[in-house]
Each structure stands twice: as C-alpha cells, then as structure tokens.
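Student: So that you have it, the file is start_7.cif, and it contains mmCIF, C-alpha atoms:
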data_model
#
loop_
_atom_site.label_atom_id
_atom_site.label_comp_id
_atom_site.auth_asym_id
_atom_site.auth_seq_id
_atom_site.Cartn_x
_atom_site.Cartn_y
_atom_site.Cartn_z
CA GLY A 1 8.27 -14.66 -0.68
CA SER A 2 7.78 -11.31 0.95
CA GLY A 3 9.51 -8.70 3.05
CA PHE A 4 8.35 -5.84 5.23
CA LEU A 5 10.26 -3.12 7.06
CA ARG A 6 8.94 -0.27 9.19
CA ALA A 7 11.32 2.27 10.74
CA ARG A 8 10.25 5.09 13.06
CA THR A 9 11.62 8.32 14.49
CA PRO A 10 9.56 10.60 16.76
CA LYS A 11 8.20 12.58 13.76
CA ASN A 12 8.71 10.25 10.77
CA ARG A 13 7.93 6.70 9.72
CA TYR A 14 9.32 4.83 6.70
CA THR A 15 7.71 1.65 5.34
CA LEU A 16 8.95 -0.75 2.65
CA ASN A 17 6.91 -3.71 1.42
CA PHE A 18 7.78 -6.30 -1.22
CA SER A 19 6.27 -9.58 -2.39
CA ARG A 20 6.95 -12.04 -5.17
CA LEU A 21 4.33 -14.72 -5.82
CA PHE A 22 4.82 -17.59 -8.25
CA GLU A 23 2.80 -20.79 -8.49
CA ARG A 24 2.30 -23.73 -10.83
CA SER A 25 -0.57 -26.20 -10.74
CA SER A 26 -0.55 -29.36 -12.89
CA GLY A 27 2.33 -27.84 -14.87
CA ASP A 28 0.46 -24.60 -15.68
CA LYS A 29 1.50 -21.23 -14.32
CA THR A 30 -1.34 -19.99 -12.09
CA GLU A 31 0.37 -17.08 -10.30
CA ASP A 32 3.17 -14.74 -11.37
CA GLU A 33 3.07 -11.41 -9.56
CA THR A 34 5.56 -8.91 -8.18
CA PHE A 35 4.58 -6.05 -5.87
CA GLY A 36 6.60 -3.32 -4.18
CA ALA A 37 5.63 -0.27 -2.14
CA ILE A 38 7.30 2.51 -0.23
CA GLN A 39 5.68 5.04 2.10
CA TYR A 40 6.81 8.04 4.10
CA ASP A 41 4.69 9.35 6.99
CA HIS A 42 5.28 12.68 8.75
CA PHE A 43 3.53 13.04 12.11
CA LEU A 44 1.81 16.35 12.85
CA THR A 45 0.65 15.17 16.30
CA ASP A 46 0.95 11.89 18.21
CA LYS A 47 -1.95 10.49 16.16
CA TRP A 48 -2.33 12.49 12.90
CA TYR A 49 0.15 12.25 10.04
CA LEU A 50 0.57 13.11 6.37
CA PHE A 51 1.74 10.39 3.98
CA ASN A 52 3.29 9.98 0.54
CA SER A 53 3.28 6.54 -1.04
CA ALA A 54 4.29 4.79 -4.23
CA SER A 55 3.49 1.23 -5.27
CA PHE A 56 4.40 -0.83 -8.30
CA GLU A 57 2.73 -4.06 -9.38
CA GLU A 58 3.28 -6.53 -12.23
CA ASP A 59 1.01 -9.52 -12.81
CA GLU A 60 1.65 -11.78 -15.80
CA ILE A 61 -1.56 -13.78 -15.31
CA GLN A 62 -3.70 -10.61 -15.35
CA LEU A 63 -1.71 -9.34 -18.38
CA LEU A 64 -0.61 -6.32 -16.33
CA ASN A 65 2.87 -5.16 -17.31
CA LEU A 66 2.96 -2.46 -14.63
CA ARG A 67 0.52 -0.62 -12.37
CA THR A 68 2.08 2.46 -10.78
CA SER A 69 0.26 4.25 -7.99
CA LEU A 70 1.43 7.51 -6.42
CA ALA A 71 -0.62 8.93 -3.54
CA ALA A 72 -0.65 11.51 -0.76
CA GLY A 73 -3.06 12.20 2.06
CA ALA A 74 -3.70 12.07 5.79
CA GLY A 75 -3.65 9.21 8.25
CA TYR A 76 -4.66 8.55 11.82
CA GLN A 77 -2.63 6.28 14.10
CA PHE A 78 -5.09 4.64 16.52
CA TYR A 79 -2.42 2.53 18.23
CA GLU A 80 1.32 2.18 17.84
CA ARG A 81 2.61 -0.03 20.61
CA ASP A 82 4.90 -3.05 20.64
CA ASP A 83 1.86 -5.36 20.76
CA LEU A 84 -0.74 -3.39 18.76
CA PHE A 85 -0.60 -1.33 15.57
CA MET A 86 -3.70 0.15 13.90
CA SER A 87 -3.95 3.01 11.41
CA ALA A 88 -6.30 4.33 8.72
CA GLU A 89 -5.50 6.57 5.74
CA PHE A 90 -7.39 8.57 3.15
CA GLY A 91 -5.93 10.48 0.24
CA VAL A 92 -5.75 11.14 -3.48
CA GLY A 93 -3.52 9.39 -5.97
CA TYR A 94 -2.54 8.95 -9.58
CA VAL A 95 -2.71 5.47 -11.14
CA ASN A 96 -1.08 4.42 -14.42
CA GLU A 97 -1.77 0.95 -15.81
CA ASP A 98 0.23 -0.61 -18.65
CA PHE A 99 -1.56 -3.71 -19.97
CA ASP A 100 -0.11 -6.35 -22.25
CA VAL A 101 -3.01 -6.50 -24.73
CA ASP A 102 -5.68 -3.98 -23.61
CA ASP A 103 -5.43 -0.21 -23.87
CA ASP A 104 -3.33 1.38 -21.17
CA SER A 105 -5.09 3.67 -18.71
CA ASP A 106 -4.35 6.36 -16.18
CA TYR A 107 -6.62 8.14 -13.74
CA ILE A 108 -6.90 10.18 -10.56
CA ALA A 109 -8.11 8.02 -7.68
CA GLY A 110 -9.26 8.23 -4.12
CA ARG A 111 -7.06 6.04 -1.90
CA TRP A 112 -7.84 4.43 1.43
CA ALA A 113 -5.86 2.04 3.58
CA PHE A 114 -6.27 0.21 6.87
CA ASN A 115 -3.49 -1.58 8.76
CA TYR A 116 -3.92 -3.77 11.84
CA ASP A 117 -1.38 -5.96 13.63
CA TYR A 118 -2.00 -7.43 17.08
CA ASP A 119 0.31 -9.68 19.10
CA TRP A 120 -2.49 -11.78 20.54
CA LEU A 121 -0.15 -14.21 22.30
CA ASP A 122 3.62 -14.32 22.74
CA TRP A 123 3.79 -16.78 19.86
CA LEU A 124 0.93 -15.53 17.64
CA SER A 125 0.07 -12.28 15.86
CA ILE A 126 -3.09 -11.47 13.90
CA PHE A 127 -2.93 -8.99 11.02
CA HIS A 128 -5.06 -7.40 8.33
CA ASN A 129 -3.82 -4.82 5.84
CA HIS A 130 -5.61 -3.46 2.85
CA GLN A 131 -5.43 -0.64 0.36
CA GLY A 132 -8.02 0.50 -2.15
CA LEU A 133 -7.90 2.79 -5.16
CA HIS A 134 -11.14 4.08 -6.66
CA SER A 135 -11.02 6.19 -9.81
CA LEU A 136 -12.56 9.65 -9.51
CA GLU A 137 -13.19 9.54 -13.28
CA ASP A 138 -14.68 6.07 -13.96
CA ALA A 139 -16.58 3.98 -11.39
CA ASP A 140 -15.31 0.78 -13.05
CA ASP A 141 -11.67 1.51 -12.13
CA VAL A 142 -11.41 0.03 -8.63
CA VAL A 143 -8.44 -1.94 -7.30
CA ILE A 144 -8.26 -3.49 -3.83
CA ARG A 145 -5.26 -5.29 -2.37
CA SER A 146 -5.67 -7.08 0.97
CA GLN A 147 -3.65 -9.43 3.19
CA SER A 148 -4.97 -11.13 6.34
CA GLY A 149 -3.43 -13.84 8.43
CA LEU A 150 -1.54 -15.23 11.38
CA ARG A 151 2.15 -14.64 12.07
CA PHE A 152 4.35 -16.86 14.22
CA PRO A 153 7.62 -15.21 15.36
CA LEU A 154 10.67 -17.43 14.86
CA ARG A 155 13.79 -15.44 15.84
CA ASP A 156 15.86 -12.41 14.90
CA GLY A 157 12.93 -10.68 13.13
CA PHE A 158 11.97 -13.70 11.00
CA ASN A 159 8.40 -15.03 11.02
CA ALA A 160 6.36 -17.91 9.69
CA THR A 161 3.04 -16.72 8.25
CA ILE A 162 -0.29 -18.19 7.21
CA GLN A 163 -1.87 -15.57 4.99
CA ALA A 164 -4.82 -15.05 2.67
CA ASN A 165 -4.42 -12.50 -0.13
CA LEU A 166 -7.29 -10.83 -1.92
CA ASP A 167 -6.39 -8.79 -5.00
CA TRP A 168 -9.45 -7.49 -6.81
CA ASP A 169 -9.59 -5.40 -9.98
CA LYS A 170 -13.11 -4.37 -11.04
CA SER A 171 -12.00 -3.90 -14.66
CA PRO A 172 -9.14 -6.34 -15.38
CA ALA A 173 -7.58 -6.92 -18.76
CA THR A 174 -9.70 -8.89 -21.22
#
Please express what this file holds, its structure, as structure tokens.
Tutor:
Amino acid sequence: GSGFLRARTPKNRYTLNFSRLFERSSGDKTEDETFGAIQYDHFLTDKWYLFNSASFEEDEIQLLNLRTSLAAGAGYQFYERDDLFMSAEFGVGYVNEDFDVDDDSDYIAGRWAFNYDYDWLDWLSIFHNHQGLHSLEDADDVVIRSQSGLRFPLRDGFNATIQANLDWDKSPAT
C-alpha cells in the first residue's frame, strides 16, 4: 500500500509520501519494508525553489532497522500543470543508518531527485520518480530509490497503479 499527497500555495509546496510493502512467496517472507518522506519547498521564482526533506526507511529483509535522511538544497520546476509535472533537485544531506547486525553508519551525502508525472490520456498517467544519496565520505555508500509506472485514475483522488520499484544500496548489510 502507498499514499501520496502534494499541496501547493503560490510560494510553498508540501509533499508527503508513504509506502508499506509486504510479500510472502512459498511461505517465506520476501519483502517487509516501510518508507515515509516529507518535503517542504519554498519558491524563489516561478521555477526555482529551495527544499528541505526528511525520509525514514525500515527494511527487515535488508536487516535495516532505520535509515534516516535529512537534506536541503535547490530545485527547478520544469513544468507544474494539471497534466504535466517535472522537477529536478540537487542538495546536501545527512544519512544515519541503523543496521540489525552490521555496524551502524552515518555520513554527509550529495542528494539528487527527479520527478515526472504526465497525464498521457484521460485514463492513463505515466510517472517516474527517483532519489539518490551518494556519500561525500565513502564512494561505497550510495542509495537509490526509484518508482516508475502507469496510473489509472478511478475516482475521488483514488488510482490503480502498475509500478516497478528499484531500491539499490551499493553497500547493504552483510
């Protein structure tokens, strides 16, 4: 399950994102992950904005008790229409990882993000969103989180979605 909310005023944008993934295959747990994020954007012009973000992730399969990421930086809003949304962001963040069995870690990271959502037809939207964190201290600390798919509007803000997720950690727990 997942939820997403974006609210906008002329100078500010607020974004909330949440997902809970759980899967079993042949009786074995193959997915058990919770993710949440919040972001505040303050627009300096029609296109340029400053952002602050926080995300929290837990993944039992990857033996990750909690990954906390706090970031700030600048973004550019290419399009923000009813039918097309596209933005890119670059910034600096702090990442703290609490592992179940491995040593915990924390580091300063460069952060980038790209968000794209296009209402291709009245009944079909295409989207791609991703965020990356790359440690400025150790080249092996890289985390990328990506979602791409098709969204079919149902009614009253509810959608049916076909989505592919790619979560990649260059140095996961042993």
Student: Rounded to one decimal, what separation in Å do you get between CA of Trp120 (chain A) and CA of Asn165 (chain A)?
Tutor: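 Between CA of Trp120 (chain A) and CA of Asn165 (chain A) the gap works out to 20.8 Å.
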Student: For the file shown, report as an MDAnalysis selection string the outcome of the PyMOL selection byres ((chain A and resi 88) around 12) at residue level.
Tutor: chainID A and resid 47:51 73:79 85:87 89:91 111:116 128:132
Student: Go ahead and write the residues just picked, C-alpha atoms, as a PDB file, keeping the file's coordinate frame.
Tutor:
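Result written to again_29.pdb:
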ATOM      1  CA  LYS A  47      -1.950  10.490  16.160  1.00  0.00           C
ATOM      2  CA  TRP A  48      -2.330  12.490  12.900  1.00  0.00           C
ATOM      3  CA  TYR A  49       0.150  12.250  10.040  1.00  0.00           C
ATOM      4  CA  LEU A  50       0.570  13.110   6.370  1.00  0.00           C
ATOM      5  CA  PHE A  51       1.740  10.390   3.980  1.00  0.00           C
ATOM      6  CA  GLY A  73      -3.060  12.200   2.060  1.00  0.00           C
ATOM      7  CA  ALA A  74      -3.700  12.070   5.790  1.00  0.00           C
ATOM      8  CA  GLY A  75      -3.650   9.210   8.250  1.00  0.00           C
ATOM      9  CA  TYR A  76      -4.660   8.550  11.820  1.00  0.00           C
ATOM     10  CA  GLN A  77      -2.630   6.280  14.100  1.00  0.00           C
ATOM     11  CA  PHE A  78      -5.090   4.640  16.520  1.00  0.00           C
ATOM     12  CA  TYR A  79      -2.420   2.530  18.230  1.00  0.00           C
ATOM     13  CA  PHE A  85      -0.600  -1.330  15.570  1.00  0.00           C
ATOM     14  CA  MET A  86      -3.700   0.150  13.900  1.00  0.00           C
ATOM     15  CA  SER A  87      -3.950   3.010  11.410  1.00  0.00           C
ATOM     16  CA  GLU A  89      -5.500   6.570   5.740  1.00  0.00           C
ATOM     17  CA  PHE A  90      -7.390   8.570   3.150  1.00  0.00           C
ATOM     18  CA  GLY A  91      -5.930  10.480   0.240  1.00  0.00           C
ATOM     19  CA  ARG A 111      -7.060   6.040  -1.900  1.00  0.00           C
ATOM     20  CA  TRP A 112      -7.840   4.430   1.430  1.00  0.00           C
ATOM     21  CA  ALA A 113      -5.860   2.040   3.580  1.00  0.00           C
ATOM     22  CA  PHE A 114      -6.270   0.210   6.870  1.00  0.00           C
ATOM     23  CA  ASN A 115      -3.490  -1.580   8.760  1.00  0.00           C
ATOM     24  CA  TYR A 116      -3.920  -3.770  11.840  1.00  0.00           C
ATOM     25  CA  HIS A 128      -5.060  -7.400   8.330  1.00  0.00           C
ATOM     26  CA  ASN A 129      -3.820  -4.820   5.840  1.00  0.00           C
ATOM     27  CA  HIS A 130      -5.610  -3.460   2.850  1.00  0.00           C
ATOM     28  CA  GLN A 131      -5.430  -0.640   0.360  1.00  0.00           C
ATOM     29  CA  GLY A 132      -8.020   0.500  -2.150  1.00  0.00           C
TER      30      GLY A 132
END
Student: I would like the residues chosen by the PyMOL selection byres ((chain A and resi 11-27) around 7) on the shown file; could you give them as a short mmCIF file (atom, residue, chain, number, x, y, z; two decimals) with C-alpha atoms, in the frame of the given file?
Tutor:
data_model
loop_
_atom_site.label_atom_id
_atom_site.label_comp_id
_atom_site.auth_asym_id
_atom_site.auth_seq_id
_atom_site.Cartn_x
_atom_site.Cartn_y
_atom_site.Cartn_z
CA GLY A 1 8.27 -14.66 -0.68
CA SER A 2 7.78 -11.31 0.95
CA GLY A 3 9.51 -8.70 3.05
CA PHE A 4 8.35 -5.84 5.23
CA LEU A 5 10.26 -3.12 7.06
CA ARG A 6 8.94 -0.27 9.19
CA ALA A 7 11.32 2.27 10.74
CA ARG A 8 10.25 5.09 13.06
CA THR A 9 11.62 8.32 14.49
CA PRO A 10 9.56 10.60 16.76
CA ASP A 28 0.46 -24.60 -15.68
CA LYS A 29 1.50 -21.23 -14.32
CA THR A 30 -1.34 -19.99 -12.09
CA GLU A 31 0.37 -17.08 -10.30
CA ASP A 32 3.17 -14.74 -11.37
CA GLU A 33 3.07 -11.41 -9.56
CA THR A 34 5.56 -8.91 -8.18
CA PHE A 35 4.58 -6.05 -5.87
CA GLY A 36 6.60 -3.32 -4.18
CA ALA A 37 5.63 -0.27 -2.14
CA ILE A 38 7.30 2.51 -0.23
CA GLN A 39 5.68 5.04 2.10
CA TYR A 40 6.81 8.04 4.10
CA ASP A 41 4.69 9.35 6.99
CA HIS A 42 5.28 12.68 8.75
CA PHE A 43 3.53 13.04 12.11
#
Student: Kindly list the centre and edge lengths in Å, rounded to one decimal, for the axis-aligned box that covers all listed atoms of region 127-137 of chain A plus 3 Å on each of its six sides, as AutoDock Vina command-line options.
Tutor:
--center_x -8.1 --center_y 0.3 --center_z -1.1 --size_x 16.3 --size_y 24.6 --size_z 30.3
Student: Do you have the CA of Ile162 (chain A)-CA of Ser125 (chain A) distance handy?
Tutor: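 Taking CA of Ile162 (chain A) and CA of Ser125 (chain A), their separation equals 10.5 Å.
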Student: Near Leu136 (chain A), within 9 Å and counting all atoms listed in the file, which residues show up once chain neighbours fewer than 5 positions away are dropped, as a PyMOL selection string?
Tutor: chain A and resi 107-110+141
Student: Keeping only C-alpha atoms, write those residues as an mmCIF file, keeping the file's coordinate frame.
Tutor:
data_model
loop_
_atom_site.group_PDB
_atom_site.id
_atom_site.type_symbol
_atom_site.label_atom_id
_atom_site.label_comp_id
_atom_site.auth_asym_id
_atom_site.auth_seq_id
_atom_site.Cartn_x
_atom_site.Cartn_y
_atom_site.Cartn_z
ATOM 1 C CA TYR A 107 -6.620 8.140 -13.740
ATOM 2 C CA ILE A 108 -6.900 10.180 -10.560
ATOM 3 C CA ALA A 109 -8.110 8.020 -7.680
ATOM 4 C CA GLY A 110 -9.260 8.230 -4.120
ATOM 5 C CA ASP A 141 -11.670 1.510 -12.130
#
Student: Give the answer as one residue: which of A:Thr68, A:Ser135, A:Ser171, A:Ser105 has the shortest atom-to-atom distance to Ala54 (chain A), using all atoms listed in the file?
Tutor: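 With all atoms listed in the file as the atom set, the closest residue is A:Thr68.
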Student: Considering all atoms listed in the file, state which residue in the set A:Glu60, A:Glu80, A:Ala72, A:Asp98 is at the smallest distance from Asp46 (chain A).
Tutor: A:Glu80
Student: In Å to one decimal, how far is CA of Ser146 (chain A) from CA of Asp106 (chain A)?
Tutor: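 Spanning CA of Asp106 (chain A) to CA of Ser146 (chain A) is a straight-line distance of 21.8 Å.
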Student: Using only C-alpha atoms, determine which residues lie at most 8 Å from Asp83 (chain A), disregarding the query and same-chain residues fewer than 4 positions distant; provide the list as a list of chain:residue names.
Tutor: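 The residues satisfying every condition are A:Asp117, A:Tyr118, A:Asp119, A:Trp120.
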Student: Once the PyMOL selection byres ((chain A and resi 142) around 7) is applied to the coordinates I shared, what remains selected? I want it as a list in words.
Tutor: Leu133, His134, Ser135, Asp140, Asp141, Val143, Ile144, Asp169 and Lys170 of chain A
Student: Taking into account all atoms listed in the file, which residue in the set A:Ala71, A:Ala139, A:Leu121, A:Ile126 is nearest to Ala164 (chain A)?
Tutor: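 Between A:Ala71, A:Ala139, A:Leu121, A:Ile126, the residue approaching Ala164 (chain A) most closely is A:Ile126.
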Student: Which one is closest to Leu150 (chain A): A:Tyr94, A:Phe99, A:Trp123, A:Phe56? Count all atoms listed in the file.
Tutor: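 Between A:Tyr94, A:Phe99, A:Trp123, A:Phe56, the residue approaching Leu150 (chain A) most closely is A:Trp123.
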Student: Kindly output region 139-150 of chain A as an mmCIF file, in the coordinates of the input, after building all heavy atoms.
Tutor:
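Printed below is out15.cif as written:
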data_model
loop_
_atom_site.group_PDB
_atom_site.id
_atom_site.type_symbol
_atom_site.label_atom_id
_atom_site.label_comp_id
_atom_site.auth_asym_id
_atom_site.auth_seq_id
_atom_site.Cartn_x
_atom_site.Cartn_y
_atom_site.Cartn_z
ATOM 1 N N ALA A 139 -16.208 4.857 -12.508
ATOM 2 C CA ALA A 139 -16.580 3.980 -11.390
ATOM 3 C C ALA A 139 -16.128 2.543 -11.586
ATOM 4 O O ALA A 139 -16.095 1.767 -10.621
ATOM 5 C CB ALA A 139 -18.094 4.027 -11.179
ATOM 6 N N ASP A 140 -15.769 2.142 -12.810
ATOM 7 C CA ASP A 140 -15.310 0.780 -13.050
ATOM 8 C C ASP A 140 -13.836 0.564 -12.716
ATOM 9 O O ASP A 140 -13.375 -0.575 -12.694
ATOM 10 C CB ASP A 140 -15.554 0.383 -14.509
ATOM 11 C CG ASP A 140 -17.012 0.066 -14.768
ATOM 12 O OD1 ASP A 140 -17.728 -0.279 -13.806
ATOM 13 O OD2 ASP A 140 -17.439 0.160 -15.933
ATOM 14 N N ASP A 141 -13.089 1.634 -12.493
ATOM 15 C CA ASP A 141 -11.670 1.510 -12.130
ATOM 16 C C ASP A 141 -11.541 1.471 -10.612
ATOM 17 O O ASP A 141 -11.429 2.499 -9.945
ATOM 18 C CB ASP A 141 -10.855 2.664 -12.716
ATOM 19 C CG ASP A 141 -10.542 2.470 -14.183
ATOM 20 O OD1 ASP A 141 -10.364 1.314 -14.596
ATOM 21 O OD2 ASP A 141 -10.475 3.468 -14.912
ATOM 22 N N VAL A 142 -11.564 0.257 -10.066
ATOM 23 C CA VAL A 142 -11.410 0.030 -8.630
ATOM 24 C C VAL A 142 -10.413 -1.114 -8.459
ATOM 25 O O VAL A 142 -10.537 -2.156 -9.104
ATOM 26 C CB VAL A 142 -12.742 -0.353 -7.949
ATOM 27 C CG1 VAL A 142 -12.542 -0.575 -6.460
ATOM 28 C CG2 VAL A 142 -13.802 0.691 -8.208
ATOM 29 N N VAL A 143 -9.430 -0.914 -7.596
ATOM 30 C CA VAL A 143 -8.440 -1.940 -7.300
ATOM 31 C C VAL A 143 -8.320 -2.038 -5.780
ATOM 32 O O VAL A 143 -8.152 -1.024 -5.102
ATOM 33 C CB VAL A 143 -7.064 -1.584 -7.911
ATOM 34 C CG1 VAL A 143 -6.024 -2.626 -7.536
ATOM 35 C CG2 VAL A 143 -7.154 -1.445 -9.418
ATOM 36 N N ILE A 144 -8.419 -3.264 -5.265
ATOM 37 C CA ILE A 144 -8.260 -3.490 -3.830
ATOM 38 C C ILE A 144 -7.214 -4.580 -3.634
ATOM 39 O O ILE A 144 -7.230 -5.604 -4.319
ATOM 40 C CB ILE A 144 -9.595 -3.917 -3.173
ATOM 41 C CG1 ILE A 144 -10.606 -2.770 -3.282
ATOM 42 C CG2 ILE A 144 -9.385 -4.300 -1.714
ATOM 43 C CD1 ILE A 144 -11.989 -3.109 -2.790
ATOM 44 N N ARG A 145 -6.329 -4.336 -2.699
ATOM 45 C CA ARG A 145 -5.260 -5.290 -2.370
ATOM 46 C C ARG A 145 -5.326 -5.511 -0.866
ATOM 47 O O ARG A 145 -5.269 -4.567 -0.091
ATOM 48 C CB ARG A 145 -3.920 -4.706 -2.794
ATOM 49 C CG ARG A 145 -2.770 -5.587 -2.544
ATOM 50 C CD ARG A 145 -1.483 -4.960 -3.107
ATOM 51 N NE ARG A 145 -0.399 -5.879 -2.962
ATOM 52 C CZ ARG A 145 -0.154 -6.889 -3.773
ATOM 53 N NH1 ARG A 145 -0.911 -7.094 -4.818
ATOM 54 N NH2 ARG A 145 0.853 -7.694 -3.555
ATOM 55 N N SER A 146 -5.445 -6.779 -0.439
ATOM 56 C CA SER A 146 -5.670 -7.080 0.970
ATOM 57 C C SER A 146 -4.883 -8.321 1.396
ATOM 58 O O SER A 146 -4.793 -9.282 0.636
ATOM 59 C CB SER A 146 -7.174 -7.301 1.200
ATOM 60 O OG SER A 146 -7.436 -7.685 2.518
ATOM 61 N N GLN A 147 -4.334 -8.279 2.598
ATOM 62 C CA GLN A 147 -3.650 -9.430 3.190
ATOM 63 C C GLN A 147 -4.147 -9.595 4.630
ATOM 64 O O GLN A 147 -4.146 -8.625 5.390
ATOM 65 C CB GLN A 147 -2.124 -9.252 3.231
ATOM 66 C CG GLN A 147 -1.475 -8.973 1.904
ATOM 67 C CD GLN A 147 -1.438 -7.513 1.566
ATOM 68 O OE1 GLN A 147 -1.339 -6.670 2.432
ATOM 69 N NE2 GLN A 147 -1.536 -7.203 0.289
ATOM 70 N N SER A 148 -4.535 -10.808 4.979
ATOM 71 C CA SER A 148 -4.970 -11.130 6.340
ATOM 72 C C SER A 148 -4.348 -12.446 6.742
ATOM 73 O O SER A 148 -4.195 -13.338 5.908
ATOM 74 C CB SER A 148 -6.496 -11.271 6.408
ATOM 75 O OG SER A 148 -7.125 -10.087 6.021
ATOM 76 N N GLY A 149 -4.004 -12.566 8.037
ATOM 77 C CA GLY A 149 -3.430 -13.840 8.430
ATOM 78 C C GLY A 149 -2.930 -13.897 9.854
ATOM 79 O O GLY A 149 -3.198 -13.021 10.678
ATOM 80 N N LEU A 150 -2.160 -14.952 10.089
ATOM 81 C CA LEU A 150 -1.540 -15.230 11.380
ATOM 82 C C LEU A 150 -0.031 -15.261 11.179
ATOM 83 O O LEU A 150 0.469 -15.800 10.195
ATOM 84 C CB LEU A 150 -2.011 -16.578 11.919
ATOM 85 C CG LEU A 150 -3.517 -16.766 12.066
ATOM 86 C CD1 LEU A 150 -3.828 -18.209 12.444
ATOM 87 C CD2 LEU A 150 -4.080 -15.806 13.089
#
